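Asks: Sharing a structure, written as structure tokens. Questions coming.
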Amino acid sequence: MNVGRRPAVALLCCLLPLASLACRARRRVVVVGSKNFTEQLVLGELLAQAIENPEAVKAGRPPAVTRRLDLGGTFLCHQALLSGQIDVYPEYTGTALTAIFKQAPVSDPAQAWREVRDQYHRLGLEISPPLGFDDTFAILVRPEDAAQWNLHAMSDLQRVANRLRPGFGYEFMERQDGFAGWSHAYQLSFGQAPRIMDLGLLYTALAQRQVDLIAGNSTDGRIAALGLVQLTDDRHYFPAYQAFYAYRPAAAANLRPAFARLAGRLDNRTMQAMNAAVDLQHRDPAQVAGDFLKHLDVGASARQGLPTPTR
Amino acid sequence: MGWLFYLTQHRTEALGLLGEHLLLVGTSTLLAAALGVPLGIWACRSAAARRWVLGTANVIQTIPSLALFGFLIPLPLLGGIGTTPAIVALLLYSLLPIIRATHTGITGIDPAVREAADAMGMTRRQRLWQMELPLALPVIFSGLRVATVIAVGTATIAAAIGAGGLGSYIFRGLATVDNRLILAGAVPAALLALAADGGLGWVEKRLGRR
């Protein structure tokens, strides 16, 4: 089944340049890209709809937006941005530093954002202000276990680690900032070797008491839906994974007003709720993004006179 | 060729995963045969039996593997995580080719031969064991061969539920965007499928010659 995807990817690689050329020949459009998971689809839609904003439509000059969402992963998106096949896509500071620029991860969010911005500048690219949420690894336990063993922070795990059955996804096991570094930083020795399996199934396995502790993503909608307890990273081990948009300066005029609307407005809880709406309530990402923007504008007009969010 | 270099460097680990993979395929296919052949025979009894058995096997085939694992986790005995649910899932996916081959093999027998068996006064059981199964064997075996080859490929998904196998390399490669690792899992799995197909094809020829 993994083999089956390859022809599709190859086809995509061939069609992408053709499609974007065809669009550009007519007029200047903004091509919005995203990676291939729920949160990225929502963020891509959010930006696309924020660009197609009602004021511009009223003025009779709505900027044209082409959606190239659901691209297969970080590297494909970055390459597409570099070569100008897309103008903008959502990225995370930690991913950009480690996966794209091969730098050491940084745990201070502000410093990580500045370093990422400088790295993108060297490639002739720009980044938006942070959107507000941090999609980092979340160490999760069942609420009854958290209550029984009084678990709040990751350092609390030391007392009970030998009684817990951990389960982790392939990414957490493989990454430099994943299991090896984390268990060392918190000096954890678990009672048994971690179960390694698909991250999506791990949430079910945790809820069904097949494992006792998992590493999920902090913006996953299932955390709230299953009532899981997320332990705080009291030793600040995990690097910052603040979300932002990476973009080509040529598209800045169309993008900046949209960034101004979105920057700092998406906290972890908001992103969790939108991810849950798509993953658990099976709503369309475009609809979820549209509802959020409507809500945002109502909130903004109610708050008129207050300073705009951090830029 | 980075994947080949990787495999030679991690020989012990790779052989361990290959062993897990073979165990998953072997166990699930044998169990599927033990369950599928009787079901195929039963499906020949009546049109209603055929509809139910083949219909169910068809529906099972359309369930996406990750969804099937999701359903299996809460089940006692057959479910949970690790090797057990992986074998159960592979078994379920192997049923259709085996049931269908058994059904086709038996219903494809010349009615004249069946009439002759009845005329000789064979009981239903005698007819099954002495005439129908021997005549249907080549077709049943070819179904088993198809099931095995499919299972070699499908078993890569077992890594999603913590059962290991060559799929571990594929999942690790996908998680870290490392084509070398993906190929280190996919190429041996493909070669294994070819080997299984060739080996069982050879056995099939011997069976046919008999």
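Each chain in the structure tokens gets a letter, A, B and so on, in the order shown; residues start at 1 in every chain, and ligands are counted from 1 in the order they appear.
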From a DSSP calculation on the backbone, collect every residue of stretch 75-145 of chain B in alpha helix (DSSP H) and output the set as a PyMOL selection string.
Replies: chain B and resi 83-107+111-119+124-126+133-145
Asks: Now that the selection is made, can you save its residues with N, CA and C atoms as a short mmCIF file (atom, residue, chain, number, x, y, z; two decimals), in the first residue's frame?
Replies:
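Writing the result to selection-v2.cif gives the following:
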data_model
loop_
_atom_site.label_atom_id
_atom_site.label_comp_id
_atom_site.auth_asym_id
_atom_site.auth_seq_id
_atom_site.Cartn_x
_atom_site.Cartn_y
_atom_site.Cartn_z
N THR B 83 1.43 -8.75 18.09
CA THR B 83 1.36 -9.77 17.05
C THR B 83 -0.06 -10.31 16.83
N THR B 84 -0.82 -10.49 17.93
CA THR B 84 -2.14 -11.12 17.79
C THR B 84 -3.07 -10.38 16.83
N PRO B 85 -3.34 -9.08 17.05
CA PRO B 85 -4.25 -8.41 16.11
C PRO B 85 -3.68 -8.35 14.69
N ALA B 86 -2.36 -8.32 14.57
CA ALA B 86 -1.75 -8.29 13.23
C ALA B 86 -2.08 -9.58 12.49
N ILE B 87 -1.94 -10.72 13.19
CA ILE B 87 -2.24 -12.01 12.55
C ILE B 87 -3.72 -12.11 12.23
N VAL B 88 -4.57 -11.63 13.15
CA VAL B 88 -6.01 -11.67 12.90
C VAL B 88 -6.36 -10.86 11.65
N ALA B 89 -5.77 -9.67 11.54
CA ALA B 89 -6.07 -8.82 10.38
C ALA B 89 -5.59 -9.48 9.08
N LEU B 90 -4.36 -10.02 9.10
CA LEU B 90 -3.82 -10.66 7.90
C LEU B 90 -4.67 -11.87 7.52
N LEU B 91 -5.09 -12.63 8.53
CA LEU B 91 -5.94 -13.80 8.29
C LEU B 91 -7.22 -13.36 7.58
N LEU B 92 -7.84 -12.30 8.11
CA LEU B 92 -9.11 -11.85 7.53
C LEU B 92 -8.92 -11.42 6.07
N TYR B 93 -7.79 -10.74 5.80
CA TYR B 93 -7.53 -10.29 4.43
C TYR B 93 -7.22 -11.45 3.49
N SER B 94 -6.72 -12.58 4.05
CA SER B 94 -6.37 -13.73 3.21
C SER B 94 -7.56 -14.60 2.89
N LEU B 95 -8.67 -14.41 3.62
CA LEU B 95 -9.81 -15.33 3.46
C LEU B 95 -10.38 -15.32 2.05
N LEU B 96 -10.60 -14.14 1.47
CA LEU B 96 -11.32 -14.04 0.21
C LEU B 96 -10.72 -14.91 -0.90
N PRO B 97 -9.40 -14.77 -1.21
CA PRO B 97 -8.87 -15.60 -2.30
C PRO B 97 -9.00 -17.10 -2.03
N ILE B 98 -8.85 -17.50 -0.76
CA ILE B 98 -8.91 -18.93 -0.44
C ILE B 98 -10.35 -19.45 -0.56
N ILE B 99 -11.30 -18.72 0.01
CA ILE B 99 -12.71 -19.14 -0.08
C ILE B 99 -13.15 -19.20 -1.53
N ARG B 100 -12.81 -18.15 -2.27
CA ARG B 100 -13.26 -18.08 -3.66
C ARG B 100 -12.66 -19.22 -4.50
N ALA B 101 -11.35 -19.51 -4.26
CA ALA B 101 -10.71 -20.58 -5.02
C ALA B 101 -11.35 -21.92 -4.70
N THR B 102 -11.62 -22.17 -3.41
CA THR B 102 -12.23 -23.43 -3.01
C THR B 102 -13.60 -23.58 -3.67
N HIS B 103 -14.37 -22.51 -3.60
CA HIS B 103 -15.71 -22.53 -4.18
C HIS B 103 -15.65 -22.77 -5.69
N THR B 104 -14.76 -22.01 -6.38
CA THR B 104 -14.62 -22.16 -7.82
C THR B 104 -14.16 -23.56 -8.18
N GLY B 105 -13.17 -24.08 -7.40
CA GLY B 105 -12.62 -25.41 -7.68
C GLY B 105 -13.68 -26.48 -7.60
N ILE B 106 -14.53 -26.40 -6.60
CA ILE B 106 -15.53 -27.46 -6.41
C ILE B 106 -16.70 -27.31 -7.38
N THR B 107 -17.18 -26.08 -7.56
CA THR B 107 -18.33 -25.90 -8.46
C THR B 107 -17.92 -26.08 -9.92
N PRO B 111 -20.24 -31.76 -14.06
CA PRO B 111 -21.41 -32.38 -13.41
C PRO B 111 -21.49 -33.88 -13.67
N ALA B 112 -20.97 -34.32 -14.81
CA ALA B 112 -21.01 -35.75 -15.15
C ALA B 112 -20.23 -36.57 -14.13
N VAL B 113 -19.08 -35.99 -13.67
CA VAL B 113 -18.26 -36.70 -12.69
C VAL B 113 -19.04 -36.82 -11.37
N ARG B 114 -19.72 -35.73 -11.01
CA ARG B 114 -20.49 -35.75 -9.77
C ARG B 114 -21.62 -36.79 -9.88
N GLU B 115 -22.28 -36.83 -11.04
CA GLU B 115 -23.36 -37.80 -11.24
C GLU B 115 -22.82 -39.23 -11.11
N ALA B 116 -21.62 -39.44 -11.68
CA ALA B 116 -21.01 -40.76 -11.59
C ALA B 116 -20.76 -41.15 -10.15
N ALA B 117 -20.25 -40.16 -9.35
CA ALA B 117 -19.99 -40.42 -7.95
C ALA B 117 -21.27 -40.79 -7.22
N ASP B 118 -22.34 -40.02 -7.52
CA ASP B 118 -23.62 -40.31 -6.88
C ASP B 118 -24.14 -41.68 -7.31
N ALA B 119 -23.96 -42.01 -8.61
CA ALA B 119 -24.45 -43.29 -9.14
C ALA B 119 -23.74 -44.46 -8.48
N ARG B 124 -22.28 -38.19 0.89
CA ARG B 124 -21.83 -36.82 0.67
C ARG B 124 -20.37 -36.64 1.12
N ARG B 125 -20.08 -37.24 2.28
CA ARG B 125 -18.73 -37.13 2.84
C ARG B 125 -17.71 -37.81 1.93
N GLN B 126 -18.04 -39.02 1.46
CA GLN B 126 -17.12 -39.74 0.55
C GLN B 126 -16.88 -38.94 -0.71
N LEU B 133 -12.59 -32.73 -3.40
CA LEU B 133 -11.37 -32.08 -2.94
C LEU B 133 -10.15 -32.42 -3.79
N PRO B 134 -9.92 -33.71 -4.13
CA PRO B 134 -8.76 -33.99 -4.99
C PRO B 134 -8.83 -33.28 -6.33
N LEU B 135 -10.03 -33.24 -6.93
CA LEU B 135 -10.13 -32.59 -8.24
C LEU B 135 -9.97 -31.07 -8.13
N ALA B 136 -10.42 -30.50 -6.99
CA ALA B 136 -10.36 -29.05 -6.84
C ALA B 136 -9.01 -28.58 -6.33
N LEU B 137 -8.16 -29.52 -5.90
CA LEU B 137 -6.91 -29.15 -5.22
C LEU B 137 -6.05 -28.14 -5.98
N PRO B 138 -5.82 -28.35 -7.30
CA PRO B 138 -4.97 -27.36 -8.00
C PRO B 138 -5.54 -25.94 -7.92
N VAL B 139 -6.86 -25.81 -8.05
CA VAL B 139 -7.47 -24.48 -7.99
C VAL B 139 -7.35 -23.90 -6.57
N ILE B 140 -7.62 -24.75 -5.55
CA ILE B 140 -7.51 -24.30 -4.16
C ILE B 140 -6.08 -23.84 -3.89
N PHE B 141 -5.14 -24.61 -4.40
CA PHE B 141 -3.73 -24.27 -4.16
C PHE B 141 -3.36 -22.96 -4.82
N SER B 142 -3.89 -22.71 -6.00
CA SER B 142 -3.57 -21.44 -6.65
C SER B 142 -4.15 -20.27 -5.85
N GLY B 143 -5.31 -20.49 -5.20
CA GLY B 143 -5.88 -19.46 -4.33
C GLY B 143 -4.99 -19.22 -3.14
N LEU B 144 -4.43 -20.29 -2.60
CA LEU B 144 -3.51 -20.20 -1.46
C LEU B 144 -2.26 -19.41 -1.86
N ARG B 145 -1.83 -19.65 -3.09
CA ARG B 145 -0.64 -18.97 -3.60
C ARG B 145 -0.90 -17.45 -3.69
#
Asks: Quick one: which residues from chain B are at most 6 Å off chain A, using only C-alpha atoms, as a short mmCIF file (atom, residue, chain, number, x, y, z; two decimals) with N, CA and C atoms, in the first residue's frame?
Replies:
data_model
loop_
_atom_site.label_atom_id
_atom_site.label_comp_id
_atom_site.auth_asym_id
_atom_site.auth_seq_id
_atom_site.Cartn_x
_atom_site.Cartn_y
_atom_site.Cartn_z
N PRO B 74 -9.82 -2.81 21.04
CA PRO B 74 -10.62 -3.03 22.25
C PRO B 74 -11.05 -4.49 22.45
N ALA B 160 2.26 -1.12 12.04
CA ALA B 160 1.42 -0.04 12.57
C ALA B 160 0.82 -0.41 13.92
N ILE B 161 0.77 -1.71 14.24
CA ILE B 161 0.15 -2.13 15.50
C ILE B 161 1.19 -2.77 16.42
N GLY B 162 2.47 -2.48 16.12
CA GLY B 162 3.53 -2.91 17.02
C GLY B 162 3.92 -4.36 16.87
N ARG B 172 9.40 3.65 9.66
CA ARG B 172 10.46 4.53 10.17
C ARG B 172 10.94 5.47 9.07
N ALA B 175 8.42 8.20 8.57
CA ALA B 175 8.40 9.16 9.68
C ALA B 175 9.57 10.12 9.61
#
Asks: Excluding B:Ala189 and residues on its chain fewer than 4 positions from it, collect all residues at most 7 Å away from it, counting only C-alpha atoms, and give them as a PyMOL selection string.
Replies: chain B and resi 152-153+166+185+193
Asks: Grab the residues selected above and save them as a CSV table (one decimal), in the first residue's frame with C-alpha atoms.
Replies:
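Output saved as again07.csv:
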chain,number,residue,atom,x,y,z
B,152,VAL,CA,3.7,-10.8,2.1
B,153,GLY,CA,2.8,-7.3,0.9
B,166,LEU,CA,9.7,-5.5,7.3
B,185,GLY,CA,11.7,-2.4,4.0
B,193,ALA,CA,6.7,-11.9,-2.5
Asks: Rank nothing, just name the residue among A:Leu151, A:Leu140, A:Leu125, A:Val29 nearest to A:Ala215, using only C-alpha atoms.
Replies: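 The closest residue to A:Ala215 is A:Leu140.
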Asks: Would you mind telling me which residue in B:Leu39, B:Met131, B:Ala190, B:Ala47 lies nearest to B:Ala151 when using only C-alpha atoms?
Replies: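 When distances to B:Ala151 are compared using only C-alpha atoms, the smallest one comes from B:Ala190.
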